[in-house]
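*Asks:* Dropping the structure in here first, questions after.
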Amino acid sequence: MKVFIETYGCQMNVYDSGLVMSILKKDGWMQAERLEDADLILINTCSIRENAEQRVFGRLDVCLQQKKQREGLIVAVLGCMAQRMKDKLLEHPAVDLVVGPDSYRRMPALIAGAITGEPVLETTLSHTETYADMEPVRDDNGVTTFVSIMRGCNNMCSYCIVPYVRGPERSRDPESIIRECRNAFEAGYREVTLLGQNVDSYYWTSDEGPDSDMTFARLLEEVAQISPLLRVRFSTSHPKDMSNAVLYSMALYPNICTHIHLPVQSGSDVMLEKMNRKYDRARYMDRIQKIREIVPDCSVTTDVIAGFCSESLEDHNQTLDLLREVRFDSAFMFQYSMRPGTRAHRRFVDDVPEKEKTRRLSEIIDLQTAISLERNREHIGKSFEVLIEGVSKKNKDELFGRTSGNKVCVFPAQGHRKGEYVKVTVDSCTSATLIGHISE
Ligand code: 5AD
Ligand code: SF4
């Protein structure tokens, strides 16, 4: 029997899809390369914005067509949408099985239930499940990969669905994290990204007393000690929790990459308060200053939301102003999408017209694109260590990889291969890519 899995959303979902594959492979399933060849189709879903959910409904319609042609085909919805919509998803004629993110261990039994024709729903959230004893099937470039260090989220940002669909925050046993990172290194990987909704609040209480407790800064160092040839990244940091200790660890270990993704969401204190972010602009700027003081040349990237509830033009202008002040290397920029079930949905009115949200978003994107270009131009003429990730999509004689600061870099192959470190001198750039040549 063959299973096909399709993944939407964040890196955590990519990781989870790997866990599900690992559970199913142990149960005797083979992986199908194409949806058309599968006896079981899994769709691992995202609820972060409405358009993410709409895409999944589009895919479910494709699954329904398949079902009409092939008897016995089973379709399961996993992940955040499964958790959010629960039995409502079973109303879609394509869906046989709905499984939330904390119930993947039960997949073999649940699939067996679905095969008997019963609609199956399992969306219990857990305070303890971290899948610590498992490692995912890794379906990536063989060079860079993700390792989950925690699950869930306790930060009730008012716009955000994640705490409701991913459950409460829990940290994973550090030994299992370090083991997984070491195994990845021994399998040939040269970069691990430690994943969590808020990595700064990682905490593991040791049986041997508080001195042996594991903080995120210590965990980073332990992973960095696996090998100087293993790069370590992490995502996502939270401005309210990001400690100087993490910055000192970054400064101490050359293989901890000099990049921090520090979502700001808005430049306006009024909006930050309404978003329940628990920091203000001054605190955010203090974090930026500390990053630049302790880890000079550290890349900083961010997330921004345009058109949150009651956002005025003045609030919006403050976001633009913050982008100019910080000069982020790049940003993920979104237009606000009201999510049912969130605090904003209960308390606030989604009153910025869609057209105006779009206008504000494009203003933000235009400004940030210009800043990203300026930032990249500062790299021209300089040399960077690049970990090669593969062959460039546009030109098979060129390779691509990333700098420690997470900038994508393209350059002629000159006999080198993925998984190698090379020194690249930058000759030119776009707002998204550095273009150069191997200089060592
Ligand atoms: N609407 C728009 N963007 C959102 N994000 C989270 N929730 C929403 C929402 N309801 C953005 C935030 C977050 C990123 C992962 O997605 O910027 O940091
Ligand atoms: Fe990831 Fe959030 Fe989307 Fe869930 S809702 S897949 S946690 S981005």
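Order determines the names: the first chain of the structure tokens is A, the second B, and so forth; residues in each chain are numbered 1 upward, and ligands are numbered 1 upward as they are shown.
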Give me the residues within 12 Å of Val165 (chain A) as a ChimeraX atom specification, counting only C-alpha atoms and dropping any in the same chain fewer than 2 places off.

*Replies:* /A:45-48,78-86,99-102,123-126,151-154,156,160-163,167-169,339-342

*Asks:* Write the residues of the preceding selection, restricted to N, CA, C and O atoms, as a CSV table (one decimal), in the first residue's frame.

*Replies:*
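Once everything was written out, this is result12.csv:
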```csv
chain,number,residue,atom,x,y,z
A,45,THR,N,-2.0,20.4,6.8
A,45,THR,CA,-2.5,21.7,6.5
A,45,THR,C,-2.1,22.8,7.5
A,45,THR,O,-1.7,22.6,8.6
A,46,CYS,N,-2.4,24.0,7.0
A,46,CYS,CA,-2.0,25.2,7.7
A,46,CYS,C,-3.3,26.1,7.9
A,46,CYS,O,-4.1,26.2,7.0
A,47,SER,N,-3.4,26.8,9.0
A,47,SER,CA,-4.6,27.6,9.3
A,47,SER,C,-4.2,29.1,9.5
A,47,SER,O,-5.1,29.9,9.9
A,48,ILE,N,-3.0,29.4,9.2
A,48,ILE,CA,-2.5,30.8,9.7
A,48,ILE,C,-3.3,31.9,9.0
A,48,ILE,O,-3.5,32.9,9.7
A,78,LEU,N,-4.6,16.3,7.9
A,78,LEU,CA,-3.8,16.4,9.2
A,78,LEU,C,-3.5,17.9,9.5
A,78,LEU,O,-3.7,18.8,8.7
A,79,GLY,N,-2.9,18.1,10.7
A,79,GLY,CA,-2.3,19.4,11.0
A,79,GLY,C,-3.3,20.4,11.5
A,79,GLY,O,-4.3,20.1,12.1
A,80,CYS,N,-3.0,21.7,11.3
A,80,CYS,CA,-3.6,22.8,11.9
A,80,CYS,C,-5.1,22.9,11.5
A,80,CYS,O,-5.9,23.2,12.4
A,81,MET,N,-5.4,22.7,10.2
A,81,MET,CA,-6.8,22.9,9.8
A,81,MET,C,-7.6,21.7,10.4
A,81,MET,O,-8.8,21.9,10.7
A,82,ALA,N,-7.0,20.6,10.5
A,82,ALA,CA,-7.7,19.4,11.1
A,82,ALA,C,-8.1,19.8,12.5
A,82,ALA,O,-9.3,19.6,12.9
A,83,GLN,N,-7.2,20.4,13.2
A,83,GLN,CA,-7.4,20.7,14.6
A,83,GLN,C,-8.4,21.9,14.7
A,83,GLN,O,-9.3,21.9,15.6
A,84,ARG,N,-8.4,22.8,13.8
A,84,ARG,CA,-9.3,24.0,13.9
A,84,ARG,C,-10.7,23.6,13.5
A,84,ARG,O,-11.7,24.0,14.1
A,85,MET,N,-10.9,22.9,12.4
A,85,MET,CA,-12.2,22.6,11.9
A,85,MET,C,-12.9,21.3,12.3
A,85,MET,O,-14.1,21.2,12.1
A,86,LYS,N,-12.1,20.4,12.7
A,86,LYS,CA,-12.5,19.1,13.3
A,86,LYS,C,-13.6,18.5,12.4
A,86,LYS,O,-13.4,18.3,11.2
A,99,VAL,N,-7.0,14.3,11.5
A,99,VAL,CA,-6.1,14.0,12.6
A,99,VAL,C,-5.3,15.3,13.0
A,99,VAL,O,-4.6,15.8,12.2
A,100,GLY,N,-5.4,15.7,14.2
A,100,GLY,CA,-4.7,16.9,14.7
A,100,GLY,C,-3.2,16.6,15.0
A,100,GLY,O,-2.8,15.4,15.1
A,101,PRO,N,-2.4,17.6,15.2
A,101,PRO,CA,-1.0,17.5,15.3
A,101,PRO,C,-0.4,16.7,16.5
A,101,PRO,O,0.7,16.3,16.5
A,102,ASP,N,-1.2,16.4,17.5
A,102,ASP,CA,-0.7,15.7,18.6
A,102,ASP,C,-1.1,14.2,18.6
A,102,ASP,O,-0.9,13.5,19.6
A,123,THR,N,-8.7,14.6,17.4
A,123,THR,CA,-8.0,16.0,17.6
A,123,THR,C,-7.8,16.3,19.0
A,123,THR,O,-7.9,17.5,19.4
A,124,THR,N,-7.4,15.3,19.8
A,124,THR,CA,-7.0,15.6,21.2
A,124,THR,C,-5.7,16.3,21.2
A,124,THR,O,-4.7,15.9,20.6
A,125,LEU,N,-5.6,17.4,22.0
A,125,LEU,CA,-4.3,18.1,22.1
A,125,LEU,C,-3.7,17.6,23.4
A,125,LEU,O,-4.3,17.2,24.3
A,126,SER,N,-2.3,17.7,23.4
A,126,SER,CA,-1.6,17.1,24.5
A,126,SER,C,-0.7,18.1,25.2
A,126,SER,O,-0.3,19.1,24.6
A,151,ARG,N,7.1,22.0,21.0
A,151,ARG,CA,5.8,22.1,20.2
A,151,ARG,C,4.9,23.0,20.9
A,151,ARG,O,5.0,23.3,22.1
A,152,GLY,N,3.9,23.5,20.2
A,152,GLY,CA,2.8,24.3,20.8
A,152,GLY,C,3.3,25.7,21.1
A,152,GLY,O,4.4,26.1,20.7
A,153,CYS,N,2.4,26.5,21.7
A,153,CYS,CA,2.7,27.9,21.9
A,153,CYS,C,1.8,28.4,23.0
A,153,CYS,O,0.6,28.1,23.1
A,154,ASN,N,2.4,29.2,23.9
A,154,ASN,CA,1.7,29.8,25.0
A,154,ASN,C,1.4,31.3,24.9
A,154,ASN,O,1.0,32.0,25.8
A,156,MET,N,-0.5,33.6,23.2
A,156,MET,CA,-1.7,34.2,22.9
A,156,MET,C,-1.7,35.6,22.2
A,156,MET,O,-2.3,36.6,22.7
A,160,CYS,N,-3.6,35.4,16.3
A,160,CYS,CA,-2.9,34.1,15.9
A,160,CYS,C,-3.7,32.9,16.3
A,160,CYS,O,-4.1,32.7,17.4
A,161,ILE,N,-3.8,32.0,15.4
A,161,ILE,CA,-4.6,30.7,15.6
A,161,ILE,C,-3.7,29.6,16.2
A,161,ILE,O,-4.2,28.6,16.7
A,162,VAL,N,-2.3,29.8,16.1
A,162,VAL,CA,-1.4,28.7,16.4
A,162,VAL,C,-1.6,28.1,17.8
A,162,VAL,O,-1.7,26.9,18.0
A,163,PRO,N,-1.8,28.9,18.9
A,163,PRO,CA,-2.0,28.3,20.2
A,163,PRO,C,-3.2,27.4,20.3
A,163,PRO,O,-3.2,26.4,21.0
A,167,GLY,N,-1.8,23.6,20.5
A,167,GLY,CA,-1.8,23.3,21.9
A,167,GLY,C,-0.8,24.0,22.7
A,167,GLY,O,-0.1,24.9,22.2
A,168,PRO,N,-0.7,23.7,24.0
A,168,PRO,CA,0.2,24.4,24.9
A,168,PRO,C,1.7,24.1,24.6
A,168,PRO,O,2.0,23.1,24.0
A,169,GLU,N,2.6,25.0,25.0
A,169,GLU,CA,4.0,24.9,24.7
A,169,GLU,C,4.6,23.8,25.6
A,169,GLU,O,4.3,23.6,26.8
A,339,ARG,N,-8.9,35.3,12.0
A,339,ARG,CA,-9.1,33.9,12.1
A,339,ARG,C,-10.1,33.6,13.2
A,339,ARG,O,-10.0,34.1,14.3
A,340,PRO,N,-11.2,32.9,12.8
A,340,PRO,CA,-12.2,32.5,13.8
A,340,PRO,C,-11.6,31.8,15.0
A,340,PRO,O,-10.7,31.0,14.8
A,341,GLY,N,-12.1,32.2,16.2
A,341,GLY,CA,-11.6,31.5,17.4
A,341,GLY,C,-10.5,32.3,18.1
A,341,GLY,O,-10.2,32.0,19.3
A,342,THR,N,-9.8,33.3,17.4
A,342,THR,CA,-8.8,34.0,18.1
A,342,THR,C,-9.3,35.1,19.0
A,342,THR,O,-10.5,35.4,18.9
```

*Asks:* Any idea what's packed within 12 Å of region 225-233 of chain A, counting only C-alpha atoms, ignoring anything in its chain fewer than 3 positions away? Could you give it as a PyMOL selection string?

*Replies:* chain A and resi 143-148+177-196+199+218-222+236-237+246+249-250+252-261+299+385-387+402-406+419-421

*Asks:* Counting only C-alpha atoms and all ligand atoms, which protein, DNA or RNA residues come within 6 Å of ligand 1, given as an MDAnalysis selection string?

*Replies:* chainID A and resid 48:49 159:160 263 265 303:305 334:339

*Asks:* Could you give me, as a PDB file with all heavy atoms, in the first residue's frame, each residue of region 242-383 of chain A that DSSP assigns to strand (DSSP E) when run on this structure's backbone?

*Replies:*
```pdb
ATOM      1  N   HIS A 259      22.234  34.785  12.118  1.00  0.00           N
ATOM      2  CA  HIS A 259      20.929  35.207  11.590  1.00  0.00           C
ATOM      3  C   HIS A 259      19.882  35.036  12.679  1.00  0.00           C
ATOM      4  O   HIS A 259      19.825  33.973  13.305  1.00  0.00           O
ATOM      5  CB  HIS A 259      20.541  34.361  10.373  1.00  0.00           C
ATOM      6  CG  HIS A 259      19.124  34.564   9.946  1.00  0.00           C
ATOM      7  ND1 HIS A 259      18.288  33.534   9.586  1.00  0.00           N
ATOM      8  CD2 HIS A 259      18.377  35.692   9.841  1.00  0.00           C
ATOM      9  CE1 HIS A 259      17.089  34.016   9.265  1.00  0.00           C
ATOM     10  NE2 HIS A 259      17.119  35.317   9.423  1.00  0.00           N
ATOM     11  N   ILE A 260      19.077  36.054  12.878  1.00  0.00           N
ATOM     12  CA  ILE A 260      17.960  35.952  13.821  1.00  0.00           C
ATOM     13  C   ILE A 260      16.683  36.374  13.118  1.00  0.00           C
ATOM     14  O   ILE A 260      16.627  37.443  12.511  1.00  0.00           O
ATOM     15  CB  ILE A 260      18.191  36.827  15.073  1.00  0.00           C
ATOM     16  CG1 ILE A 260      19.425  36.318  15.827  1.00  0.00           C
ATOM     17  CG2 ILE A 260      16.962  36.815  15.984  1.00  0.00           C
ATOM     18  CD1 ILE A 260      19.676  37.001  17.140  1.00  0.00           C
ATOM     19  N   HIS A 261      15.689  35.491  13.187  1.00  0.00           N
ATOM     20  CA  HIS A 261      14.370  35.860  12.672  1.00  0.00           C
ATOM     21  C   HIS A 261      13.553  36.337  13.865  1.00  0.00           C
ATOM     22  O   HIS A 261      13.209  35.547  14.751  1.00  0.00           O
ATOM     23  CB  HIS A 261      13.709  34.668  11.987  1.00  0.00           C
ATOM     24  CG  HIS A 261      12.407  35.039  11.351  1.00  0.00           C
ATOM     25  ND1 HIS A 261      12.334  35.964  10.321  1.00  0.00           N
ATOM     26  CD2 HIS A 261      11.132  34.649  11.600  1.00  0.00           C
ATOM     27  CE1 HIS A 261      11.061  36.110   9.969  1.00  0.00           C
ATOM     28  NE2 HIS A 261      10.316  35.327  10.729  1.00  0.00           N
ATOM     29  N   SER A 299      22.543  38.971  10.506  1.00  0.00           N
ATOM     30  CA  SER A 299      21.349  39.290   9.718  1.00  0.00           C
ATOM     31  C   SER A 299      20.142  39.293  10.634  1.00  0.00           C
ATOM     32  O   SER A 299      20.043  38.449  11.524  1.00  0.00           O
ATOM     33  CB  SER A 299      21.084  38.218   8.668  1.00  0.00           C
ATOM     34  OG  SER A 299      22.061  38.242   7.690  1.00  0.00           O
ATOM     35  N   VAL A 300      19.243  40.212  10.387  1.00  0.00           N
ATOM     36  CA  VAL A 300      17.986  40.203  11.131  1.00  0.00           C
ATOM     37  C   VAL A 300      16.843  40.245  10.129  1.00  0.00           C
ATOM     38  O   VAL A 300      16.815  41.101   9.238  1.00  0.00           O
ATOM     39  CB  VAL A 300      17.876  41.398  12.104  1.00  0.00           C
ATOM     40  CG1 VAL A 300      16.611  41.256  12.959  1.00  0.00           C
ATOM     41  CG2 VAL A 300      19.102  41.493  13.009  1.00  0.00           C
ATOM     42  N   THR A 301      15.914  39.296  10.273  1.00  0.00           N
ATOM     43  CA  THR A 301      14.738  39.271   9.408  1.00  0.00           C
ATOM     44  C   THR A 301      13.504  39.331  10.299  1.00  0.00           C
ATOM     45  O   THR A 301      13.603  39.148  11.510  1.00  0.00           O
ATOM     46  CB  THR A 301      14.727  38.005   8.538  1.00  0.00           C
ATOM     47  OG1 THR A 301      14.787  36.864   9.392  1.00  0.00           O
ATOM     48  CG2 THR A 301      15.902  37.978   7.584  1.00  0.00           C
ATOM     49  N   THR A 302      12.350  39.583   9.676  1.00  0.00           N
ATOM     50  CA  THR A 302      11.171  39.804  10.509  1.00  0.00           C
ATOM     51  C   THR A 302       9.895  39.387   9.789  1.00  0.00           C
ATOM     52  O   THR A 302       9.923  39.032   8.602  1.00  0.00           O
ATOM     53  CB  THR A 302      11.109  41.294  10.930  1.00  0.00           C
ATOM     54  OG1 THR A 302      10.295  41.425  12.099  1.00  0.00           O
ATOM     55  CG2 THR A 302      10.556  42.176   9.817  1.00  0.00           C
ATOM     56  N   ASP A 303       8.797  39.419  10.536  1.00  0.00           N
ATOM     57  CA  ASP A 303       7.455  39.264   9.978  1.00  0.00           C
ATOM     58  C   ASP A 303       6.681  40.544  10.269  1.00  0.00           C
ATOM     59  O   ASP A 303       6.829  41.115  11.354  1.00  0.00           O
ATOM     60  CB  ASP A 303       6.683  38.123  10.670  1.00  0.00           C
ATOM     61  CG  ASP A 303       7.243  36.742  10.387  1.00  0.00           C
ATOM     62  OD1 ASP A 303       8.025  36.592   9.440  1.00  0.00           O
ATOM     63  OD2 ASP A 303       6.887  35.813  11.137  1.00  0.00           O
ATOM     64  N   VAL A 304       5.851  40.957   9.317  1.00  0.00           N
ATOM     65  CA  VAL A 304       5.047  42.169   9.495  1.00  0.00           C
ATOM     66  C   VAL A 304       3.609  41.870   9.063  1.00  0.00           C
ATOM     67  O   VAL A 304       3.388  41.169   8.070  1.00  0.00           O
ATOM     68  CB  VAL A 304       5.603  43.330   8.624  1.00  0.00           C
ATOM     69  CG1 VAL A 304       4.741  44.570   8.768  1.00  0.00           C
ATOM     70  CG2 VAL A 304       7.045  43.637   8.986  1.00  0.00           C
ATOM     71  N   ILE A 305       2.671  42.395   9.820  1.00  0.00           N
ATOM     72  CA  ILE A 305       1.251  42.272   9.445  1.00  0.00           C
ATOM     73  C   ILE A 305       0.711  43.660   9.097  1.00  0.00           C
ATOM     74  O   ILE A 305       0.856  44.597   9.888  1.00  0.00           O
ATOM     75  CB  ILE A 305       0.412  41.669  10.590  1.00  0.00           C
ATOM     76  CG1 ILE A 305       0.896  40.251  10.912  1.00  0.00           C
ATOM     77  CG2 ILE A 305      -1.072  41.653  10.217  1.00  0.00           C
ATOM     78  CD1 ILE A 305       0.171  39.607  12.091  1.00  0.00           C
ATOM     79  N   ALA A 306       0.071  43.777   7.936  1.00  0.00           N
ATOM     80  CA  ALA A 306      -0.528  45.051   7.511  1.00  0.00           C
ATOM     81  C   ALA A 306      -2.034  45.000   7.720  1.00  0.00           C
ATOM     82  O   ALA A 306      -2.688  44.009   7.371  1.00  0.00           O
ATOM     83  CB  ALA A 306      -0.239  45.289   6.030  1.00  0.00           C
ATOM     84  N   SER A 330      15.635  41.019   5.372  1.00  0.00           N
ATOM     85  CA  SER A 330      14.454  40.687   4.575  1.00  0.00           C
ATOM     86  C   SER A 330      13.283  40.503   5.524  1.00  0.00           C
ATOM     87  O   SER A 330      13.468  40.506   6.747  1.00  0.00           O
ATOM     88  CB  SER A 330      14.675  39.431   3.732  1.00  0.00           C
ATOM     89  OG  SER A 330      14.759  38.305   4.558  1.00  0.00           O
ATOM     90  N   ALA A 331      12.107  40.337   4.957  1.00  0.00           N
ATOM     91  CA  ALA A 331      10.918  40.214   5.801  1.00  0.00           C
ATOM     92  C   ALA A 331       9.859  39.391   5.099  1.00  0.00           C
ATOM     93  O   ALA A 331       9.785  39.366   3.865  1.00  0.00           O
ATOM     94  CB  ALA A 331      10.355  41.597   6.125  1.00  0.00           C
ATOM     95  N   PHE A 332       9.058  38.696   5.903  1.00  0.00           N
ATOM     96  CA  PHE A 332       7.827  38.087   5.411  1.00  0.00           C
ATOM     97  C   PHE A 332       6.701  39.049   5.768  1.00  0.00           C
ATOM     98  O   PHE A 332       6.559  39.443   6.921  1.00  0.00           O
ATOM     99  CB  PHE A 332       7.574  36.737   6.080  1.00  0.00           C
ATOM    100  CG  PHE A 332       8.607  35.705   5.738  1.00  0.00           C
ATOM    101  CD1 PHE A 332       9.492  35.251   6.699  1.00  0.00           C
ATOM    102  CD2 PHE A 332       8.710  35.197   4.454  1.00  0.00           C
ATOM    103  CE1 PHE A 332      10.459  34.299   6.389  1.00  0.00           C
ATOM    104  CE2 PHE A 332       9.666  34.249   4.129  1.00  0.00           C
ATOM    105  CZ  PHE A 332      10.544  33.801   5.098  1.00  0.00           C
ATOM    106  N   MET A 333       5.943  39.447   4.776  1.00  0.00           N
ATOM    107  CA  MET A 333       4.955  40.509   4.978  1.00  0.00           C
ATOM    108  C   MET A 333       3.572  39.992   4.597  1.00  0.00           C
ATOM    109  O   MET A 333       3.410  39.380   3.547  1.00  0.00           O
ATOM    110  CB  MET A 333       5.359  41.712   4.132  1.00  0.00           C
ATOM    111  CG  MET A 333       6.710  42.267   4.591  1.00  0.00           C
ATOM    112  SD  MET A 333       7.607  43.200   3.318  1.00  0.00           S
ATOM    113  CE  MET A 333       8.331  41.897   2.329  1.00  0.00           C
ATOM    114  N   PHE A 334       2.615  40.224   5.475  1.00  0.00           N
ATOM    115  CA  PHE A 334       1.281  39.654   5.293  1.00  0.00           C
ATOM    116  C   PHE A 334       0.216  40.693   5.489  1.00  0.00           C
ATOM    117  O   PHE A 334       0.382  41.632   6.260  1.00  0.00           O
ATOM    118  CB  PHE A 334       1.039  38.537   6.315  1.00  0.00           C
ATOM    119  CG  PHE A 334       2.138  37.535   6.401  1.00  0.00           C
ATOM    120  CD1 PHE A 334       3.051  37.579   7.450  1.00  0.00           C
ATOM    121  CD2 PHE A 334       2.287  36.559   5.429  1.00  0.00           C
ATOM    122  CE1 PHE A 334       4.074  36.654   7.537  1.00  0.00           C
ATOM    123  CE2 PHE A 334       3.311  35.627   5.511  1.00  0.00           C
ATOM    124  CZ  PHE A 334       4.211  35.673   6.569  1.00  0.00           C
ATOM    125  N   GLN A 335      -0.910  40.449   4.843  1.00  0.00           N
ATOM    126  CA  GLN A 335      -2.064  41.289   5.114  1.00  0.00           C
ATOM    127  C   GLN A 335      -2.908  40.547   6.137  1.00  0.00           C
ATOM    128  O   GLN A 335      -3.026  39.315   6.093  1.00  0.00           O
ATOM    129  CB  GLN A 335      -2.688  41.576   3.768  1.00  0.00           C
ATOM    130  CG  GLN A 335      -4.082  41.331   3.512  1.00  0.00           C
ATOM    131  CD  GLN A 335      -4.416  41.911   2.112  1.00  0.00           C
ATOM    132  OE1 GLN A 335      -3.529  42.260   1.296  1.00  0.00           O
ATOM    133  NE2 GLN A 335      -5.673  42.013   1.814  1.00  0.00           N
ATOM    134  N   SER A 383      33.771  38.573   0.822  1.00  0.00           N
ATOM    135  CA  SER A 383      33.741  37.114   0.692  1.00  0.00           C
ATOM    136  C   SER A 383      33.035  36.476   1.873  1.00  0.00           C
ATOM    137  O   SER A 383      33.173  36.947   3.001  1.00  0.00           O
ATOM    138  CB  SER A 383      35.159  36.561   0.627  1.00  0.00           C
ATOM    139  OG  SER A 383      35.821  37.146  -0.458  1.00  0.00           O
TER     140      SER A 383
END
```

*Asks:* Measuring atom to atom with only C-alpha atoms, identify which of A:Ala112, A:Ser158, A:Lys393, A:Asn44 is nearest to Arg277 (chain A).

*Replies:*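 Comparing A:Ala112, A:Ser158, A:Lys393, A:Asn44 against Arg277 (chain A), the winner is A:Ser158.
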
*Asks:* Could you tell me which of A:Leu399, A:Tyr284, A:Lys423, A:Glu389 comes closest to Asn141 (chain A) if we count only C-alpha atoms?

*Replies:*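 Looking only at the distances to Asn141 (chain A), the closest residue turns out to be A:Glu389.
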
*Asks:* Pick the closest to ligand 2 from A:Gln289, A:Thr116, A:Thr430, A:Asn198: which is it, counting only C-alpha atoms and all ligand atoms?

*Replies:*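 Among the listed residues, A:Asn198 lies closest to ligand 2.
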